[in-house]
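Source file: my_file_6.txt. Holds: compact mmCIF, C-alpha atoms and all ligand atoms.
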```txt
# COMPACT_ATOMS: atom_id res chain seq x y z
CA MET A 23 -29.01 -40.97 11.50
CA VAL A 24 -28.21 -37.98 13.61
CA ALA A 25 -24.78 -36.79 12.60
CA THR A 26 -22.85 -35.41 15.52
CA SER A 27 -19.85 -33.96 13.79
CA SER A 28 -19.58 -31.83 10.72
CA LYS A 29 -17.14 -34.28 9.13
CA GLN A 30 -19.73 -36.96 9.53
CA LEU A 31 -22.24 -34.56 8.13
CA ASP A 32 -20.08 -33.94 5.09
CA LEU A 33 -19.78 -37.65 4.52
CA GLU A 34 -23.50 -38.06 4.97
CA THR A 35 -24.05 -35.19 2.58
CA ASP A 36 -21.88 -36.82 -0.05
CA LYS A 37 -23.86 -40.01 0.25
CA ASP A 38 -27.23 -38.37 0.52
CA SER A 39 -28.39 -38.12 -3.07
CA THR A 40 -31.52 -36.24 -2.05
CA TYR A 41 -29.55 -33.26 -0.72
CA ASP A 42 -29.15 -30.60 -3.40
CA ARG A 43 -26.71 -28.06 -2.00
CA ILE A 44 -26.78 -25.76 -5.00
CA ALA A 45 -30.57 -25.60 -4.87
CA GLU A 46 -30.39 -24.73 -1.18
CA LEU A 47 -27.84 -21.97 -1.85
CA LYS A 48 -29.91 -20.58 -4.72
CA ALA A 49 -33.12 -20.58 -2.71
CA PHE A 50 -31.33 -18.76 0.12
CA ASP A 51 -29.81 -16.20 -2.24
CA GLU A 52 -33.15 -15.59 -3.91
CA THR A 53 -34.76 -14.60 -0.62
CA LYS A 54 -32.43 -11.52 -0.76
CA VAL A 55 -32.83 -11.03 2.99
CA GLY A 56 -29.71 -12.87 4.15
CA VAL A 57 -29.09 -14.86 7.29
CA LYS A 58 -31.15 -12.28 9.18
CA GLY A 59 -34.11 -13.45 7.11
CA ILE A 60 -33.55 -17.05 8.24
CA VAL A 61 -33.46 -15.91 11.86
CA GLU A 62 -36.62 -13.85 11.35
CA SER A 63 -38.39 -16.95 10.10
CA GLY A 64 -37.90 -18.40 13.59
CA VAL A 65 -35.76 -21.48 12.85
CA THR A 66 -34.23 -23.46 15.70
CA LYS A 67 -31.98 -25.53 13.42
CA ILE A 68 -29.60 -23.98 10.93
CA PRO A 69 -29.82 -25.02 7.25
CA ARG A 70 -27.29 -27.57 6.12
CA MET A 71 -25.49 -25.16 3.76
CA PHE A 72 -24.01 -23.50 6.87
CA TYR A 73 -22.48 -26.66 8.34
CA SER A 74 -18.76 -26.14 8.61
CA ALA A 75 -15.95 -28.59 9.22
CA LYS A 76 -14.09 -25.61 10.66
CA VAL A 77 -15.82 -25.85 13.98
CA GLU A 78 -13.82 -29.03 14.41
CA ASP A 79 -10.61 -27.06 14.57
CA TYR A 80 -8.95 -28.33 17.69
CA THR A 81 -6.29 -25.65 17.68
CA GLU A 82 -5.98 -24.46 21.25
CA THR A 83 -7.64 -21.24 22.30
CA SER A 84 -5.51 -19.20 24.65
CA ALA A 85 -7.21 -17.18 27.33
CA LYS A 86 -3.89 -15.88 28.63
CA LEU A 87 -2.70 -13.98 25.59
CA SER A 88 -4.13 -10.71 24.39
CA LEU A 89 -3.47 -8.38 21.50
CA PRO A 90 -1.05 -5.46 22.00
CA ILE A 91 -2.86 -2.18 22.70
CA ILE A 92 -1.12 0.88 21.31
CA ASP A 93 -1.82 4.40 22.58
CA LEU A 94 -1.68 7.08 19.89
CA GLN A 95 -2.23 9.98 22.31
CA ASP A 96 -0.01 13.03 21.53
CA ILE A 97 2.14 11.25 18.96
CA ASP A 98 2.16 14.40 16.82
CA THR A 99 3.41 16.68 19.59
CA ASN A 100 5.59 14.48 21.77
CA SER A 101 8.47 12.80 19.95
CA SER A 102 9.26 10.28 22.66
CA LEU A 103 5.63 9.09 22.69
CA ARG A 104 5.81 8.82 18.92
CA VAL A 105 8.97 6.72 19.07
CA GLU A 106 7.31 4.49 21.66
CA ALA A 107 4.23 4.01 19.45
CA VAL A 108 6.42 3.31 16.40
CA ASP A 109 8.39 0.67 18.33
CA LYS A 110 5.21 -1.01 19.53
CA ILE A 111 3.73 -0.98 16.03
CA ARG A 112 6.92 -2.54 14.64
CA SER A 113 6.89 -5.42 17.09
CA ALA A 114 3.10 -5.96 16.97
CA SER A 115 3.15 -5.99 13.15
CA LYS A 116 5.93 -8.57 13.16
CA GLU A 117 4.80 -10.78 16.02
CA TRP A 118 1.03 -10.56 15.78
CA GLY A 119 0.08 -8.92 12.48
CA PHE A 120 -2.69 -7.39 14.63
CA PHE A 121 -3.01 -4.73 17.32
CA GLN A 122 -5.61 -2.42 18.84
CA VAL A 123 -5.25 1.38 18.88
CA VAL A 124 -6.68 3.73 21.51
CA ASN A 125 -6.69 7.55 21.61
CA HIS A 126 -6.59 7.47 17.84
CA GLY A 127 -8.51 10.72 17.46
CA ILE A 128 -11.85 9.32 16.24
CA GLY A 129 -14.49 10.16 18.85
CA VAL A 130 -16.24 7.27 20.56
CA GLU A 131 -19.59 8.81 19.58
CA VAL A 132 -18.61 8.47 15.91
CA LEU A 133 -17.71 4.80 16.43
CA ASP A 134 -20.92 4.09 18.34
CA GLU A 135 -23.06 5.84 15.76
CA MET A 136 -21.39 3.86 12.96
CA ILE A 137 -22.29 0.59 14.71
CA CYS A 138 -25.85 1.89 15.21
CA GLY A 139 -26.15 3.02 11.59
CA ILE A 140 -25.08 -0.38 10.28
CA ARG A 141 -27.43 -2.08 12.71
CA ARG A 142 -30.26 0.19 11.53
CA PHE A 143 -29.62 -0.84 7.94
CA HIS A 144 -29.63 -4.57 8.66
CA GLU A 145 -32.66 -4.33 10.93
CA GLN A 146 -34.89 -2.62 8.39
CA ASP A 147 -37.80 -4.54 7.00
CA GLY A 148 -36.72 -7.31 4.64
CA GLU A 149 -38.60 -5.65 1.77
CA VAL A 150 -36.38 -2.57 2.14
CA ARG A 151 -33.07 -4.49 2.50
CA LYS A 152 -33.96 -6.60 -0.52
CA LYS A 153 -33.75 -3.63 -2.85
CA LEU A 154 -29.99 -3.34 -2.30
CA TYR A 155 -29.26 -7.09 -2.42
CA SER A 156 -26.80 -7.84 -5.20
CA ARG A 157 -23.97 -10.12 -6.32
CA GLU A 158 -22.86 -7.53 -8.87
CA THR A 159 -19.32 -6.97 -7.63
CA ASN A 160 -18.66 -3.63 -9.26
CA THR A 161 -21.58 -1.99 -7.46
CA LYS A 162 -20.32 0.68 -5.06
CA VAL A 163 -23.01 0.08 -2.47
CA ARG A 164 -24.59 -3.32 -2.05
CA TYR A 165 -26.12 -5.70 0.44
CA PHE A 166 -25.32 -9.40 0.29
CA SER A 167 -24.78 -12.49 2.36
CA ASN A 168 -21.56 -14.47 1.88
CA GLY A 169 -19.63 -12.89 -0.99
CA SER A 170 -18.43 -16.26 -2.23
CA LEU A 171 -21.59 -18.20 -1.39
CA PHE A 172 -21.42 -20.47 -4.43
CA ARG A 173 -17.69 -21.16 -4.15
CA ASP A 174 -17.12 -21.77 -0.44
CA PRO A 175 -17.45 -25.20 1.14
CA ALA A 176 -19.66 -23.76 3.89
CA ALA A 177 -21.73 -20.59 4.15
CA ASN A 178 -21.05 -18.28 7.10
CA TRP A 179 -23.63 -16.96 9.56
CA ARG A 180 -23.21 -13.36 8.41
CA ASP A 181 -24.71 -10.63 6.21
CA THR A 182 -22.88 -7.59 4.84
CA ILE A 183 -23.40 -4.15 3.33
CA SER A 184 -20.37 -2.87 1.43
CA PHE A 185 -19.25 0.58 0.32
CA VAL A 186 -16.41 1.29 -2.11
CA MET A 187 -15.33 4.76 -0.91
CA THR A 188 -12.07 5.70 -2.63
CA PRO A 189 -10.76 6.43 -5.19
CA ASP A 190 -14.24 6.76 -6.71
CA PRO A 191 -16.94 7.23 -4.02
CA PRO A 192 -20.66 6.64 -4.46
CA SER A 193 -22.89 9.68 -4.58
CA PRO A 194 -24.52 10.31 -1.16
CA GLU A 195 -27.92 9.29 -2.53
CA GLU A 196 -26.56 5.81 -3.27
CA ILE A 197 -25.92 5.29 0.46
CA PRO A 198 -29.05 4.21 2.39
CA ALA A 199 -30.51 7.14 4.31
CA VAL A 200 -30.51 5.18 7.61
CA CYS A 201 -26.71 5.23 7.69
CA ARG A 202 -25.74 7.83 5.05
CA ASP A 203 -24.26 10.60 7.17
CA ILE A 204 -22.33 8.35 9.51
CA VAL A 205 -20.92 6.16 6.71
CA ILE A 206 -19.56 9.29 5.03
CA GLU A 207 -18.18 10.75 8.27
CA TYR A 208 -16.75 7.48 9.59
CA SER A 209 -15.06 6.51 6.35
CA GLU A 210 -13.38 9.92 6.05
CA LYS A 211 -12.10 9.71 9.62
CA VAL A 212 -10.86 6.15 9.22
CA ARG A 213 -9.13 7.06 5.98
CA ALA A 214 -7.23 9.80 7.85
CA LEU A 215 -6.37 7.34 10.64
CA GLY A 216 -5.17 4.88 8.01
CA PHE A 217 -2.76 7.54 6.74
CA THR A 218 -1.48 8.11 10.28
CA ILE A 219 -0.92 4.39 10.75
CA PHE A 220 0.82 4.19 7.38
CA GLU A 221 3.11 7.01 8.56
CA LEU A 222 3.93 5.22 11.80
CA MET A 223 4.50 1.96 9.94
CA SER A 224 6.79 3.69 7.42
CA GLU A 225 8.83 5.02 10.35
CA ALA A 226 8.82 1.56 11.93
CA LEU A 227 10.35 0.23 8.72
CA GLY A 228 12.99 2.98 8.66
CA LEU A 229 11.43 4.61 5.60
CA HIS A 230 10.38 8.18 4.99
CA SER A 231 7.13 8.89 6.93
CA SER A 232 5.02 9.35 3.85
CA TYR A 233 6.32 6.26 2.00
CA LEU A 234 3.29 4.00 2.52
CA LYS A 235 0.62 6.66 2.41
CA GLU A 236 1.93 7.85 -0.95
CA LEU A 237 1.89 4.36 -2.41
CA GLU A 238 -0.92 4.57 -4.93
CA PRO A 239 -1.86 0.86 -4.89
CA ALA A 240 -2.55 1.19 -1.14
CA ASP A 241 -4.58 4.37 -1.54
CA GLY A 242 -8.09 3.03 -1.83
CA GLN A 243 -10.72 2.30 0.76
CA PHE A 244 -13.73 0.05 0.92
CA LEU A 245 -15.91 -0.96 3.80
CA LEU A 246 -17.48 -4.31 4.62
CA CYS A 247 -20.12 -3.72 7.30
CA HIS A 248 -21.05 -7.06 8.81
CA TYR A 249 -24.08 -8.17 10.77
CA TYR A 250 -23.77 -11.50 12.60
CA PRO A 251 -27.29 -12.54 13.71
CA PRO A 252 -27.72 -14.73 16.79
CA CYS A 253 -27.19 -18.35 15.79
CA PRO A 254 -29.33 -21.20 17.17
CA GLU A 255 -26.57 -23.79 16.59
CA PRO A 256 -23.22 -21.98 16.82
CA GLU A 257 -21.35 -25.25 17.23
CA LEU A 258 -22.18 -26.10 13.61
CA THR A 259 -21.11 -22.97 11.76
CA MET A 260 -18.78 -19.95 11.68
CA GLY A 261 -19.46 -16.22 11.62
CA THR A 262 -16.45 -15.68 9.34
CA SER A 263 -14.22 -18.55 8.23
CA LYS A 264 -10.52 -18.46 8.89
CA HIS A 265 -8.84 -16.15 6.38
CA THR A 266 -6.19 -13.51 5.85
CA ASP A 267 -6.95 -10.11 4.30
CA THR A 268 -5.66 -9.50 0.78
CA ASN A 269 -5.21 -5.79 1.06
CA PHE A 270 -2.47 -3.65 2.59
CA LEU A 271 -4.12 -2.66 5.86
CA THR A 272 -7.44 -3.23 7.64
CA ILE A 273 -8.94 -1.06 10.37
CA LEU A 274 -11.76 -2.87 12.13
CA LEU A 275 -14.48 -1.47 14.34
CA GLN A 276 -16.30 -4.08 16.42
CA ASP A 277 -19.10 -3.79 18.93
CA GLN A 278 -18.94 -5.27 22.44
CA MET A 279 -20.14 -8.79 21.56
CA GLY A 280 -16.79 -10.47 20.91
CA GLY A 281 -16.13 -13.52 18.74
CA LEU A 282 -13.16 -12.31 16.67
CA GLN A 283 -10.06 -14.48 17.07
CA VAL A 284 -6.53 -14.22 15.74
CA LEU A 285 -4.17 -17.14 15.16
CA HIS A 286 -1.03 -16.40 17.13
CA LYS A 287 1.74 -18.96 17.66
CA ASN A 288 -0.62 -21.75 16.77
CA GLN A 289 -3.31 -20.68 19.23
CA TRP A 290 -6.56 -18.82 18.69
CA VAL A 291 -6.53 -15.62 20.72
CA ASP A 292 -9.73 -13.65 21.42
CA VAL A 293 -9.72 -10.03 20.36
CA HIS A 294 -11.47 -8.59 23.40
CA PRO A 295 -13.66 -5.64 22.53
CA VAL A 296 -12.30 -2.41 24.04
CA HIS A 297 -14.89 0.35 23.78
CA GLY A 298 -13.51 3.26 21.77
CA SER A 299 -10.62 1.25 20.30
CA LEU A 300 -10.04 0.10 16.73
CA VAL A 301 -8.38 -3.13 15.63
CA VAL A 302 -5.63 -2.84 13.01
CA ASN A 303 -4.26 -5.70 10.95
CA ILE A 304 -1.70 -6.27 8.25
CA GLY A 305 -2.94 -7.56 4.88
CA ASP A 306 -1.14 -9.88 2.48
CA LEU A 307 0.08 -7.03 0.26
CA LEU A 308 1.80 -5.27 3.17
CA GLN A 309 3.47 -8.55 4.06
CA LEU A 310 4.61 -8.76 0.45
CA ILE A 311 6.06 -5.24 0.19
CA THR A 312 7.73 -5.47 3.62
CA ASN A 313 9.30 -8.74 2.51
CA ASP A 314 7.81 -10.56 5.51
CA MET A 315 8.87 -7.97 8.08
CA PHE A 316 5.18 -7.50 8.83
CA ALA A 317 2.87 -10.51 8.99
CA SER A 318 -0.58 -11.07 7.51
CA VAL A 319 -2.18 -13.61 9.85
CA TYR A 320 -5.24 -15.80 9.96
CA HIS A 321 -8.29 -14.61 11.81
CA ARG A 322 -11.93 -15.71 12.10
CA VAL A 323 -15.22 -14.87 13.80
CA LEU A 324 -17.11 -17.43 15.86
CA SER A 325 -20.89 -17.59 15.65
CA ARG A 326 -22.77 -17.24 18.91
CA HIS A 327 -26.17 -17.84 20.49
CA THR A 328 -26.19 -14.18 21.46
CA GLY A 329 -26.34 -11.41 18.93
CA PRO A 330 -26.42 -9.57 16.73
CA ARG A 331 -22.74 -8.70 16.49
CA ILE A 332 -21.81 -5.76 14.26
CA SER A 333 -18.42 -4.97 12.81
CA VAL A 334 -17.07 -2.63 10.15
CA ALA A 335 -13.88 -3.59 8.31
CA SER A 336 -12.17 -0.78 6.33
CA PHE A 337 -9.79 -2.16 3.74
CA PHE A 338 -6.95 -0.13 2.28
CA VAL A 339 -6.15 -1.20 -1.28
CA ASN A 340 -6.62 0.48 -4.62
CA ALA A 341 -7.98 -1.89 -7.21
CA SER A 342 -8.94 0.86 -9.67
CA PRO A 343 -7.54 0.50 -13.22
CA HIS A 344 -4.80 3.06 -12.48
CA GLY A 345 -3.75 2.21 -8.92
CA GLY A 346 -4.24 -1.48 -9.53
CA SER A 347 -1.78 -1.48 -12.44
CA LYS A 348 1.18 -0.01 -10.57
CA VAL A 349 3.97 -2.49 -9.87
CA ILE A 350 4.37 -3.55 -6.25
CA GLY A 351 7.06 -5.76 -4.81
CA PRO A 352 9.36 -5.95 -1.81
CA ILE A 353 10.47 -2.36 -1.02
CA LYS A 354 14.00 -1.93 -2.39
CA GLU A 355 15.19 0.09 0.63
CA LEU A 356 14.44 -2.86 2.89
CA LEU A 357 16.40 -5.38 0.84
CA SER A 358 20.02 -6.40 1.30
CA LYS A 359 22.27 -9.37 0.73
CA ASP A 360 20.97 -10.83 3.96
CA ASN A 361 17.40 -9.91 3.17
CA PRO A 362 16.84 -10.89 -0.47
CA PRO A 363 13.38 -10.46 -2.05
CA MET A 364 10.96 -13.15 -0.94
CA TYR A 365 8.33 -12.19 -3.49
CA ARG A 366 8.38 -11.25 -7.12
CA ASP A 367 6.97 -7.96 -8.36
CA THR A 368 3.28 -7.92 -9.18
CA THR A 369 0.27 -5.58 -9.30
CA VAL A 370 -2.99 -5.55 -7.38
CA LYS A 371 -4.77 -6.24 -10.65
CA ASP A 372 -2.54 -9.19 -11.39
CA VAL A 373 -3.02 -10.64 -7.95
CA TYR A 374 -6.78 -10.63 -8.38
CA ALA A 375 -6.68 -11.82 -11.97
CA ARG A 376 -4.55 -14.77 -10.95
CA TYR A 377 -7.07 -15.58 -8.33
CA PHE A 378 -9.73 -16.04 -10.95
CA GLU A 379 -7.56 -17.87 -13.44
CA LYS A 380 -5.64 -20.23 -11.23
CA VAL A 381 -7.21 -20.53 -7.88
CA ILE A 382 -10.67 -21.44 -8.96
CA SER A 383 -9.20 -24.28 -10.97
CA MET A 384 -6.93 -25.25 -8.06
CA LYS A 385 -9.94 -25.26 -5.90
CA ARG A 386 -11.79 -27.50 -8.31
CA SER A 387 -8.91 -29.95 -8.35
CA ALA A 388 -8.71 -29.67 -4.59
CA ARG A 389 -12.29 -30.87 -4.45
CA VAL A 390 -11.41 -33.80 -6.63
CA SER A 391 -8.52 -34.84 -4.47
CA GLU A 392 -7.59 -33.81 -0.96
CA LEU A 393 -4.17 -35.28 -1.68
CA GLU A 394 -3.54 -32.71 -4.32
CA ILE A 395 -4.28 -29.87 -1.97
CA ASP A 396 -2.03 -31.32 0.67
CA ASN A 397 0.82 -31.92 -1.73
CA PRO A 398 3.46 -29.30 -0.93
CA ALA A 399 4.49 -29.21 -4.57
CA GLN A 400 1.14 -27.61 -5.34
CA TRP A 401 1.50 -24.91 -2.77
CA SER A 402 3.82 -22.16 -1.69
CA THR A 403 5.98 -22.44 1.38
CA LYS A 404 3.62 -20.15 3.17
CA LYS A 405 0.53 -22.13 2.29
CA VAL A 406 2.12 -25.35 3.38
CA LYS A 407 3.10 -23.70 6.62
CA THR A 408 -0.38 -22.45 7.26
CA LYS A 409 -1.87 -25.81 6.46
CA GLU A 410 0.44 -27.37 9.02
CA ILE A 411 -0.70 -24.86 11.60
CA SER A 412 -4.30 -25.68 11.11
CA ASN A 413 -5.38 -28.75 9.30
CA GLU A 414 -8.90 -27.66 8.67
CA ALA A 415 -10.80 -29.37 5.95
CA ASP A 416 -12.73 -26.37 4.76
CA THR A 417 -10.57 -23.30 5.08
CA CYS A 418 -12.24 -20.85 2.77
CA MET A 419 -10.46 -21.74 -0.43
CA ALA A 420 -12.23 -19.11 -2.44
CA GLU A 421 -10.90 -16.49 -0.11
CA ASN A 422 -7.42 -17.86 0.40
CA PHE A 423 -5.31 -18.52 -2.60
CA VAL A 424 -1.82 -18.71 -3.91
CA ILE A 425 0.00 -17.04 -6.75
CA PRO A 426 1.84 -19.84 -8.50
CA ARG A 427 5.58 -19.68 -8.14
CA ASP A 428 7.32 -18.74 -11.33
CA ALA A 429 10.76 -17.60 -10.28
CA ASN A 430 13.31 -19.38 -8.15
CA THR A 431 14.08 -16.43 -5.96
CA THR A 432 10.51 -15.63 -5.11
CA LYS A 433 7.83 -17.27 -3.09
CA ASP A 434 4.13 -17.07 -3.46
CA ILE A 435 1.69 -15.21 -1.33
CA CYS A 436 -1.45 -16.53 0.17
CA ILE A 437 -4.19 -14.11 -0.65
CA GLU A 438 -7.70 -13.70 0.49
CA PHE A 439 -9.86 -12.23 -2.19
CA ILE A 440 -11.41 -8.99 -1.12
CA VAL A 441 -11.72 -6.19 -3.61
CA SER A 442 -14.42 -3.76 -4.58
CA GLY A 443 -16.76 -5.50 -2.23
CA LYS A 444 -16.19 -8.87 -3.90
CA ARG A 445 -15.71 -11.42 -1.29
C1 LIG A 501 -13.07 -9.25 7.52
C2 LIG A 501 -12.94 -9.63 8.94
C3 LIG A 501 -13.78 -9.50 11.17
C4 LIG A 501 -15.01 -9.09 11.92
O1 LIG A 501 -14.11 -8.66 7.14
O2 LIG A 501 -12.12 -9.51 6.77
O3 LIG A 501 -12.00 -10.26 9.27
O4 LIG A 501 -14.89 -8.92 13.14
N1 LIG A 501 -13.91 -9.25 9.79
O5 LIG A 501 -16.06 -8.98 11.32
NI NI A 502 -10.46 -10.23 7.72
```
Serialized structure, structure tokens:
Amino acid sequence: MVATSSKQLDLETDKDSTYDRIAELKAFDETKVGVKGIVESGVTKIPRMFYSAKVEDYTETSAKLSLPIIDLQDIDTNSSLRVEAVDKIRSASKEWGFFQVVNHGIGVEVLDEMICGIRRFHEQDGEVRKKLYSRETNTKVRYFSNGSLFRDPAANWRDTISFVMTPDPPSPEEIPAVCRDIVIEYSEKVRALGFTIFELMSEALGLHSSYLKELEPADGQFLLCHYYPPCPEPELTMGTSKHTDTNFLTILLQDQMGGLQVLHKNQWVDVHPVHGSLVVNIGDLLQLITNDMFASVYHRVLSRHTGPRISVASFFVNASPHGGSKVIGPIKELLSKDNPPMYRDTTVKDVYARYFEKVISMKRSARVSELEIDNPAQWSTKKVKTKEISNEADTCMAENFVIPRDANTTKDICIEFIVSGKR
């Protein structure tokens, strides 16, 4: 029978005793050449492991709305422009959790060369790419496809090279020569821009300018450099499944292909590529420390017939033994009788450890019973809310998880797992 919808396909898959999903995943992983390798083999149908129920998300897509664009020109020399930028960042971080920045000081030639460098890496001969292919998550530089391949309900049409840059950078020789210089230059420049944005955000929160940039748990940077090959059947799979970022802040560079969408007021909104701009978004940990003043929101990337699409996500979080052990919680200065803490104190390390301990088992039970996953008692307020917004069957559970509630005054946070290139 020709299955026309992915739900049907899932049902068929369950019934079809000849389909061995794990074997298919393993065989794919063992090729070590990613989704690009599948495309190179000339397929016209995508393998079943990529089928996603997500493409059945009927949440409206709005063509009318677009992300706020914030101009950072002269913010260091003109105080009224700075105040204007700070105000816009405050409202965008609350209302959207996402915005684009222009005139941010990183030259367009640096951005373009970064896209080219990442493209060069992914378009090398398979035999060369293969050498860097790894699932070893504490490797500073590695190439992989689908960080949580064996845990997610559906694989994404995407390959990635990752770099853990701070606090403990790789030696230059560890970075592939085809993109070495630009990865070093780009990551330094984006790190500096991250500090500027942290300053503006601190001001937006009414804190001392250097509050966020001096927060050690936020002072780490790693890069996920994605390559989304053209997809012969984009209606059956996703480029990146719906998720939130688990870090403090993400600065994203995308090429001109499009496909990134943000969930805003229950509608998917396209993030239109603006040449020379960078996309900024709030991660779960910034939502936590701002006590929900800033929002970490769902986003995703559609797969397309046309491609490749290249993007570079720079994540700001410090998961090193030192930075990752520092206590984080809602910032005391922001709290009052009317604004009591929504989250309990935690550490980056604890957040990720809980992911492994609890969420994997939650996920297993979720597989056993959909009822369990939809039972509000099992989930935080936030998770229940997000499930109401989008009732997708296969939201990436391995990348979205909940810290169990263990105090009456606190609520849990929905976290996507991204650290040290683990994904
Ligand atoms: C991510 C992400 C978006 C993109 O890596 O977390 O959301 O455009 N990437 O690749
Ligand atoms: Ni993301």
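Nearest to Phe220 in chain A of all the residues A:Leu246, A:Leu271, A:Met260, A:Val123 is A:Leu271, counting all atoms listed in the file.
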At a cut-off of 10 Å, using all atoms listed in the file, what residues contact Lys235 in chain A? Leave out same-chain residues fewer than 5 positions from it and give the result as a PDB file with C-alpha atoms, in the coordinates of the input.
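Full text of around_5.pdb as output:
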```
ATOM      1  CA  GLY A 216      -5.170   4.880   8.010  1.00  0.00           C
ATOM      2  CA  PHE A 217      -2.760   7.540   6.740  1.00  0.00           C
ATOM      3  CA  THR A 218      -1.480   8.110  10.280  1.00  0.00           C
ATOM      4  CA  ILE A 219      -0.920   4.390  10.750  1.00  0.00           C
ATOM      5  CA  PHE A 220       0.820   4.190   7.380  1.00  0.00           C
ATOM      6  CA  GLU A 221       3.110   7.010   8.560  1.00  0.00           C
ATOM      7  CA  MET A 223       4.500   1.960   9.940  1.00  0.00           C
ATOM      8  CA  SER A 224       6.790   3.690   7.420  1.00  0.00           C
ATOM      9  CA  ALA A 240      -2.550   1.190  -1.140  1.00  0.00           C
ATOM     10  CA  ASP A 241      -4.580   4.370  -1.540  1.00  0.00           C
TER      11      ASP A 241
END
```
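Take CA of Glu195 in chain A and CA of Ser209 in chain A: the distance between them is 15.9 Å.
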Next on the checklist: Just checking: using only C-alpha atoms, which residue out of A:Ile311, A:Ala317, A:Val61, A:Val301 ends up closest to Met364 in chain A?
Outcome noted: A:Ile311
Ligand LIG 501 (chain A): which residues are within 7 Å, counting only C-alpha atoms and all ligand atoms? Reply as a PDB file with C-alpha atoms, keeping the file's coordinate frame.
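Writing done, so here's out-v6.pdb:
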```
ATOM      1  CA  LEU A 246     -17.480  -4.310   4.620  1.00  0.00           C
ATOM      2  CA  HIS A 248     -21.050  -7.060   8.810  1.00  0.00           C
ATOM      3  CA  THR A 262     -16.450 -15.680   9.340  1.00  0.00           C
ATOM      4  CA  ASP A 267      -6.950 -10.110   4.300  1.00  0.00           C
ATOM      5  CA  LEU A 274     -11.760  -2.870  12.130  1.00  0.00           C
ATOM      6  CA  GLN A 276     -16.300  -4.080  16.420  1.00  0.00           C
ATOM      7  CA  LEU A 282     -13.160 -12.310  16.670  1.00  0.00           C
ATOM      8  CA  HIS A 321      -8.290 -14.610  11.810  1.00  0.00           C
ATOM      9  CA  ARG A 322     -11.930 -15.710  12.100  1.00  0.00           C
ATOM     10  CA  VAL A 323     -15.220 -14.870  13.800  1.00  0.00           C
ATOM     11  CA  SER A 333     -18.420  -4.970  12.810  1.00  0.00           C
ATOM     12  CA  VAL A 334     -17.070  -2.630  10.150  1.00  0.00           C
ATOM     13  CA  ALA A 335     -13.880  -3.590   8.310  1.00  0.00           C
TER      14      ALA A 335
END
```
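CA of Thr368 in chain A is found 28.0 Å from CA of Leu171 in chain A.
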Next on the checklist: Please return as number ranges by chain every residue within 10 Å of (-1.2, -10.6, 3.5), taking into account only C-alpha atoms and the file's own coordinates.
Outcome noted: A: 119, 265-271, 303-311, 314, 316-320, 435-438
Is there a way to get, as a compact mmCIF listing (two decimals) with C-alpha atoms, keeping the file's coordinate frame, all residues within 6 Å of the point (-19.8, -18.0, 8.4) in file coordinates, counting only C-alpha atoms?
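Below is the file that was written, out-v2.txt:
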```
# COMPACT_ATOMS: atom_id res chain seq x y z
CA ALA A 177 -21.73 -20.59 4.15
CA ASN A 178 -21.05 -18.28 7.10
CA TRP A 179 -23.63 -16.96 9.56
CA ARG A 180 -23.21 -13.36 8.41
CA MET A 260 -18.78 -19.95 11.68
CA GLY A 261 -19.46 -16.22 11.62
CA THR A 262 -16.45 -15.68 9.34
CA SER A 263 -14.22 -18.55 8.23
```
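For the choices A:Phe337, A:Phe244, A:Tyr73, A:Phe50, the atom-to-atom distance to ligand NI 502 (chain A) is smallest for A:Phe337 when using all atoms listed in the file.
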